[in-house]
Amino acid sequence: MALSRVMRFGLRMTSFPLLLSCVLLVSQVCSVSRDNFKRCDQSGFCKRHRAVDPGHSPYISLFDTLDIQPSQISVELLNTKNNVRLRLELFGLQHQTTRIKINEVNPLKPRYEIPVGDVLNAEPQQDTLTVVEKNDDHITLSLEKSIIVLNREPFRIDFINDDEPTVSINAQGLLKFEHLRKKKEDSQEKKEENEEEKASCAEEEVQEEDEPDMWEETFKSFHDSKPNGPTSVGLDVSFPGFEHVYGIPEHAESMALKSTKSSDPYRLFNLDVFEYELYNPMALYGAVPVMLAHNEKRTVGIFWHNAAETWVDIASNVADKTFFSKMADLVKGSTELPQTDTHWFSESGIIDLFIMLGPEPSDVFSQYGQLTGTTPIPPLFGIAYHQCRWNYNDEDDIRNVDAKFDEYDLPMDLLWLDIEHTDGKRYFTWDGSKFSHPDEMVKNLTVKGRKLVTIVDPHLKKDDSYSVYSEAKSQNHLVKNKDGSEYEGWCWPGSSGWPDFLNPEVRKWWASKFAYSSYAGSSKDLHVWNDMNEPSVFNGPEVTFQKDVLHYGGWENRDVHNLYGFYVHKATMDGLLERTGGEERPFLLTRAFFAGSQKFGAVWTGDNMASWDHLKISNPMILSLNLVGITFSGADVGGFFHNPDAELVTRWYQAGAFQPFFRAHAHLDTKRREPHLLPNANMLAIRDALQQRYSYLPYWYTLFYWGERNGGPVMMPLWVEFPKDKSTFSMDDQFMIGKALLVKPITEQGSTGTNVYFPGNDLWYDVESFQTYNGGDTTYVRAGLTKIPVFQRGGTIIPRKMRNRRSSTLMKSDPFTLFICLNREGEATGNLFIDDYHSYNYKNGKYILKGFNFRKNVLESVTGHKDYQTDEWIEKIVISGFQVQPSIAILKGSVSGQKELEVNYDIVEDNIIIRKPGVNIAENFKLILQP
Ligand SMILES: *[C@@H]1O[C@H](CO)[C@@H](O)[C@H](O)[C@H]1NC(C)=O
């Protein structure tokens, strides 16, 4: 949760100048938000990079410095304006991936690079680069199916695939690298001293005039000392042939990114933004500097591996024909090509860019997954329904909410406790007067297969009697001011310190706090939520750390800002793993994130609002996260701030039921809105949405299995499945869950139906009525309050569990119903992943992977992998799209032998139903339908 609480807080603590104006507005609606956050024209380096004149790059590649190794080349780049030299290294990597690093040849001191093993899983595996041609003008290299051309003057790099340019580096000439320098006053003498030394160098560095904001900067009342002066780096990346780019979350923005010609660039800087506005490029809680470009022919991606504040400009353009015509032997055709230009700049660090060349969407996902890891399969309960609120007040409250879900037959797996459950916002503790029996409270939940989530934020109350704080202080684990003293800021507990999660020792210490012996009241059924980890600092500039606070290794927050939340999340996950010796899969949610955060658990889109607009934007926001690996993501169902009416809550549940992470949450000042409190019609519609979610859990779970293996999204835009269908390229109000489900949630007030676009050329089946729709059509679909427009694709088989239970855990042994929707050829396929749903044993092969194929009137169940015993069985098979109705079904099971089954025909739904095949789900069988 965010700042709005600060308003009441501010009344108590008058030392909140920043927020006072807000407090005076009295109500919750206090729209000072935007002014609290920097625009580009308030950021020195943003202004300087935006001011670079395109088309006049001062950089040339010095071919006499060229060093060619089997899988990497390096060459110096000379800035002909100031004679500063950079070193470019280009690495050929496996899976059609390239890495380009640019750093100073002789930096005054090291520049920050993200340690390998954290964001990047490991040093990426190299692949052979072959020199195809080298002349005075350019060098041509080949890497697998790609051609890479390094141009000498001006410096630029072009990637060519299938005779077409796909990615161009510095084609706009915007490379700008602010080399480390001494401040003028004290550098004058040194300069003279160095005069002789430098005479031996080929070129002498030309002193440039300082520009404003290079050595210090002020935003509002906050002064940023910049001891290292200007350190920013920037580069342009163009995508010839591409009109659509995606990714770089987190922004409250459409999925297809917009031109920033008349706005600020998209900003990536983890911030706690109060009541964020929609459809703008402002930074939010997380940052994933990954962009995808897609057209009918291919998908490519780039990953800007830099943890500092970053801005990205986007512009539509046309490709430079004259340049590509020079490469006539490499690039075919010279017709006008649309092109998207992007311009990336970060406040510090180095340029470290990965280029992932696809060509299929699935290739880019796996290429990126190879680099930063994939989302591990959540425990089954993690993808079930979560009931949260700031706050459930005490044990009675929890008991009552829990009981109401039972009374109204509403399935639910986790209840959540926000900050008020602690003893004065001291995390890892309980408010003893309200939660005096946490163990028993959790036990009472687990009886029904339910669990508890508690919040653990990274700010530590400055109170020497609070052991977590006093240990952190005495062990020197806290973030420091620039003068080396302990950093202090305001957050929920009042005056607070922040552990320096950049330090591996601090992360170990933090992880140890999750041991059962250390966290009283915790158990394997208590799971965790990291909030406020951007970090949020109520009295800091832009509600976060000063940029000159110091971290491990002497790095400034400026260098590492976007990694702080990533490391809070990582250290917490480490702790949750250690407490069970790595046996149980924990559930963990974070608000702040970076590239690679998918490895540690779920992400949500922060403090949204109870409005139709916010419901609507949850889809593109989660799609954007899914495209860049953060697949286990969701938005607060119902909206965090303000009170939704019953219709909005209902529609939000329906959308949430088909988004990967499904949690209702609400602000302290909102009215209670648990489903049973709503009018009966709404409660029933929500119950139906919850039950639908639970029935599809086997499908979701299987999707997460494939996601862990291959790196792909679970919720995705239509173009991922229909990459040649241009009409889907900017469609973000309907989406796919895996390959088999198409969803178009209702996000308009008062709506009783919606136009649905059915992609491809096969059939689509309404999952409730089994009415069919033709691919290629846009059709109006009625959707009254109880209806979620969800369609199963012809040619697919989805195993579901149709018995309603209180929680997913209680469904463990429930039987499956196979829903078979035939395509026009009368065929269908599907698969299913099964394990114990909660441990890591699947990593040792303890799982079952089944394949189902329906062809020529025969359903065959085959085993892809089987090293696990289960008592789950098949109770029903429903086949839709049958042309001629069979009269009997013969089942031939590998274990259960042969039997004849009755075939029933459902006239209303036009389905064939075969009841009680009774085979164990792991068993191989054939079901032969006969006339
Ligand atoms: C646990 O459940 C029992 C039986 O319903 C109840 O009496 C007890 O108060 C519950 N404990 C807590 C801490 O909620």
# chains A, B, ... in the order shown; residues from 1 in each chain; ligands from 1

call {"tool": "residues_near_ligand", "arguments": {"ligand": "ligand 1", "cutoff": "12 Å", "atoms": "only C-alpha atoms and all ligand atoms", "output": "MDAnalysis selection string"}}
result
chainID A and resid 394:403 432:448 521

call {"tool": "select_by_dssp", "arguments": {"residues": "range 173-416 of chain A", "states": "strand (DSSP E)", "output": "count of residues only"}}
result
68

call {"tool": "atom_distance", "arguments": {"atom1": "CA of Gln792 in chain A", "atom2": "CA of Asp766 in chain A"}}
result
6.4 Å

call {"tool": "residues_around", "arguments": {"residues": "Asp733 in chain A", "least_positions_apart": "4", "cutoff": "9 Å", "atoms": "only C-alpha atoms", "output": "ChimeraX atom specification"}}
result
/A:616-617,619-620,743-747

call {"tool": "write_last_selection", "arguments": {"atoms": "N, CA and C atoms", "output": "PDB file, in the first residue's frame"}}
result
ATOM      1  N   LYS A 616      -9.723  -1.854 -16.694  1.00  0.00           N
ATOM      2  CA  LYS A 616      -9.389  -2.033 -18.101  1.00  0.00           C
ATOM      3  C   LYS A 616      -7.878  -2.117 -18.330  1.00  0.00           C
ATOM      4  N   ILE A 617      -7.129  -1.281 -17.623  1.00  0.00           N
ATOM      5  CA  ILE A 617      -5.680  -1.245 -17.885  1.00  0.00           C
ATOM      6  C   ILE A 617      -4.949  -2.415 -17.226  1.00  0.00           C
ATOM      7  N   ASN A 619      -5.346  -5.412 -17.850  1.00  0.00           N
ATOM      8  CA  ASN A 619      -4.994  -6.397 -18.892  1.00  0.00           C
ATOM      9  C   ASN A 619      -3.707  -6.029 -19.628  1.00  0.00           C
ATOM     10  N   PRO A 620      -3.613  -4.828 -20.224  1.00  0.00           N
ATOM     11  CA  PRO A 620      -2.330  -4.511 -20.870  1.00  0.00           C
ATOM     12  C   PRO A 620      -1.150  -4.499 -19.912  1.00  0.00           C
ATOM     13  N   VAL A 743      -9.796 -14.967 -23.969  1.00  0.00           N
ATOM     14  CA  VAL A 743     -10.585 -14.297 -22.937  1.00  0.00           C
ATOM     15  C   VAL A 743     -10.788 -12.833 -23.317  1.00  0.00           C
ATOM     16  N   LYS A 744     -12.002 -12.373 -23.159  1.00  0.00           N
ATOM     17  CA  LYS A 744     -12.246 -10.932 -23.314  1.00  0.00           C
ATOM     18  C   LYS A 744     -13.062 -10.458 -22.127  1.00  0.00           C
ATOM     19  N   PRO A 745     -12.389 -10.044 -21.058  1.00  0.00           N
ATOM     20  CA  PRO A 745     -13.148  -9.627 -19.872  1.00  0.00           C
ATOM     21  C   PRO A 745     -13.967  -8.375 -20.174  1.00  0.00           C
ATOM     22  N   ILE A 746     -15.089  -8.276 -19.517  1.00  0.00           N
ATOM     23  CA  ILE A 746     -15.916  -7.072 -19.648  1.00  0.00           C
ATOM     24  C   ILE A 746     -15.325  -5.989 -18.752  1.00  0.00           C
ATOM     25  N   THR A 747     -14.999  -4.856 -19.345  1.00  0.00           N
ATOM     26  CA  THR A 747     -14.390  -3.776 -18.559  1.00  0.00           C
ATOM     27  C   THR A 747     -15.152  -2.457 -18.725  1.00  0.00           C
TER      28      THR A 747
END

call {"tool": "residues_around", "arguments": {"residues": "Leu86 in chain A", "least_positions_apart": "6", "cutoff": "7 Å", "atoms": "only C-alpha atoms", "output": "list in words"}}
result
Glu76, Leu77, Leu78, Ile102, Asn103, Glu104 and Val105 of chain A

call {"tool": "closest_residue", "arguments": {"among": "A:Trp764, A:Trp490, A:Tyr842, A:Phe632", "to": "Met716 in chain A", "atoms": "only C-alpha atoms"}}
result
A:Phe632

call {"tool": "residues_around", "arguments": {"residues": "Leu678 in chain A", "least_positions_apart": "3", "cutoff": "10 Å", "atoms": "only C-alpha atoms", "output": "mmCIF file with N, CA and C atoms, in the first residue's frame"}}
result
data_model
loop_
_atom_site.group_PDB
_atom_site.id
_atom_site.type_symbol
_atom_site.label_atom_id
_atom_site.label_comp_id
_atom_site.auth_asym_id
_atom_site.auth_seq_id
_atom_site.Cartn_x
_atom_site.Cartn_y
_atom_site.Cartn_z
ATOM 1 N N ASP A 645 -18.420 -0.013 -6.939
ATOM 2 C CA ASP A 645 -19.783 -0.497 -6.752
ATOM 3 C C ASP A 645 -19.814 -2.003 -7.046
ATOM 4 N N ALA A 646 -20.946 -2.624 -6.786
ATOM 5 C CA ALA A 646 -21.010 -4.083 -6.861
ATOM 6 C C ALA A 646 -20.730 -4.588 -8.272
ATOM 7 N N GLU A 647 -21.168 -3.824 -9.260
ATOM 8 C CA GLU A 647 -20.949 -4.253 -10.648
ATOM 9 C C GLU A 647 -19.451 -4.270 -10.970
ATOM 10 N N VAL A 649 -16.913 -4.529 -8.873
ATOM 11 C CA VAL A 649 -16.243 -5.629 -8.163
ATOM 12 C C VAL A 649 -16.472 -6.941 -8.913
ATOM 13 N N THR A 650 -17.712 -7.142 -9.342
ATOM 14 C CA THR A 650 -18.050 -8.392 -10.014
ATOM 15 C C THR A 650 -17.251 -8.556 -11.301
ATOM 16 N N ARG A 672 -15.721 -2.581 3.517
ATOM 17 C CA ARG A 672 -15.547 -4.020 3.319
ATOM 18 C C ARG A 672 -16.236 -4.442 2.023
ATOM 19 N N ARG A 673 -15.607 -5.340 1.299
ATOM 20 C CA ARG A 673 -16.204 -5.746 0.021
ATOM 21 C C ARG A 673 -15.973 -7.224 -0.270
ATOM 22 N N GLU A 674 -15.831 -8.038 0.758
ATOM 23 C CA GLU A 674 -15.732 -9.468 0.529
ATOM 24 C C GLU A 674 -17.005 -9.901 -0.205
ATOM 25 N N PRO A 675 -16.889 -10.897 -1.094
ATOM 26 C CA PRO A 675 -18.011 -11.218 -1.990
ATOM 27 C C PRO A 675 -19.344 -11.429 -1.282
ATOM 28 N N ALA A 681 -27.022 -11.329 -6.318
ATOM 29 C CA ALA A 681 -26.736 -11.582 -7.731
ATOM 30 C C ALA A 681 -25.241 -11.419 -8.004
ATOM 31 N N ASN A 682 -24.632 -10.422 -7.365
ATOM 32 C CA ASN A 682 -23.207 -10.203 -7.556
ATOM 33 C C ASN A 682 -22.387 -11.297 -6.885
ATOM 34 N N MET A 683 -22.824 -11.656 -5.658
ATOM 35 C CA MET A 683 -22.126 -12.718 -4.952
ATOM 36 C C MET A 683 -22.134 -13.995 -5.798
ATOM 37 N N LEU A 684 -23.288 -14.288 -6.395
ATOM 38 C CA LEU A 684 -23.388 -15.517 -7.197
ATOM 39 C C LEU A 684 -22.488 -15.456 -8.426
ATOM 40 N N ILE A 686 -19.760 -13.749 -8.682
ATOM 41 C CA ILE A 686 -18.372 -13.874 -8.217
ATOM 42 C C ILE A 686 -18.072 -15.325 -7.862
#

call {"tool": "select_by_dssp", "arguments": {"residues": "range 459-637 of chain A", "states": "helix (DSSP H, G or I)", "output": "PyMOL selection string"}}
result
chain A and resi 467-474+504-512+541-543+552-554+557-578+597-600+612-627

call {"tool": "residues_around", "arguments": {"residues": "Gly897 in chain A", "least_positions_apart": "5", "cutoff": "9 Å", "atoms": "only C-alpha atoms", "output": "list in words"}}
result
Leu891, Lys892 and Phe925 of chain A

call {"tool": "write_last_selection", "arguments": {"atoms": "all heavy atoms", "output": "CSV table (one decimal), in the first residue's frame"}}
result
chain,number,residue,atom,x,y,z
A,891,LEU,N,-13.2,-48.4,-24.3
A,891,LEU,CA,-12.0,-47.9,-23.6
A,891,LEU,C,-11.0,-49.1,-23.5
A,891,LEU,O,-11.4,-50.2,-23.0
A,891,LEU,CB,-12.4,-47.4,-22.2
A,891,LEU,CG,-11.2,-46.9,-21.5
A,891,LEU,CD1,-11.2,-45.4,-21.5
A,891,LEU,CD2,-11.1,-47.4,-20.0
A,892,LYS,N,-9.8,-48.9,-23.9
A,892,LYS,CA,-8.8,-49.9,-23.8
A,892,LYS,C,-7.7,-49.3,-22.9
A,892,LYS,O,-6.9,-48.5,-23.4
A,892,LYS,CB,-8.2,-50.3,-25.1
A,892,LYS,CG,-9.2,-51.1,-26.0
A,892,LYS,CD,-8.5,-51.5,-27.3
A,892,LYS,CE,-9.5,-52.3,-28.1
A,892,LYS,NZ,-9.0,-52.5,-29.5
A,925,PHE,N,-4.4,-44.9,-22.3
A,925,PHE,CA,-5.6,-45.6,-22.8
A,925,PHE,C,-5.9,-45.1,-24.2
A,925,PHE,O,-5.4,-44.0,-24.6
A,925,PHE,CB,-6.7,-45.4,-21.8
A,925,PHE,CG,-7.2,-44.0,-21.7
A,925,PHE,CD1,-8.2,-43.5,-22.6
A,925,PHE,CD2,-6.8,-43.1,-20.7
A,925,PHE,CE1,-8.6,-42.2,-22.5
A,925,PHE,CE2,-7.2,-41.8,-20.6
A,925,PHE,CZ,-8.2,-41.3,-21.5

call {"tool": "closest_residue", "arguments": {"among": "A:Asp118, A:Val318, A:His138, A:Gly656", "to": "Lys570 in chain A", "atoms": "only C-alpha atoms"}}
result
A:Asp118
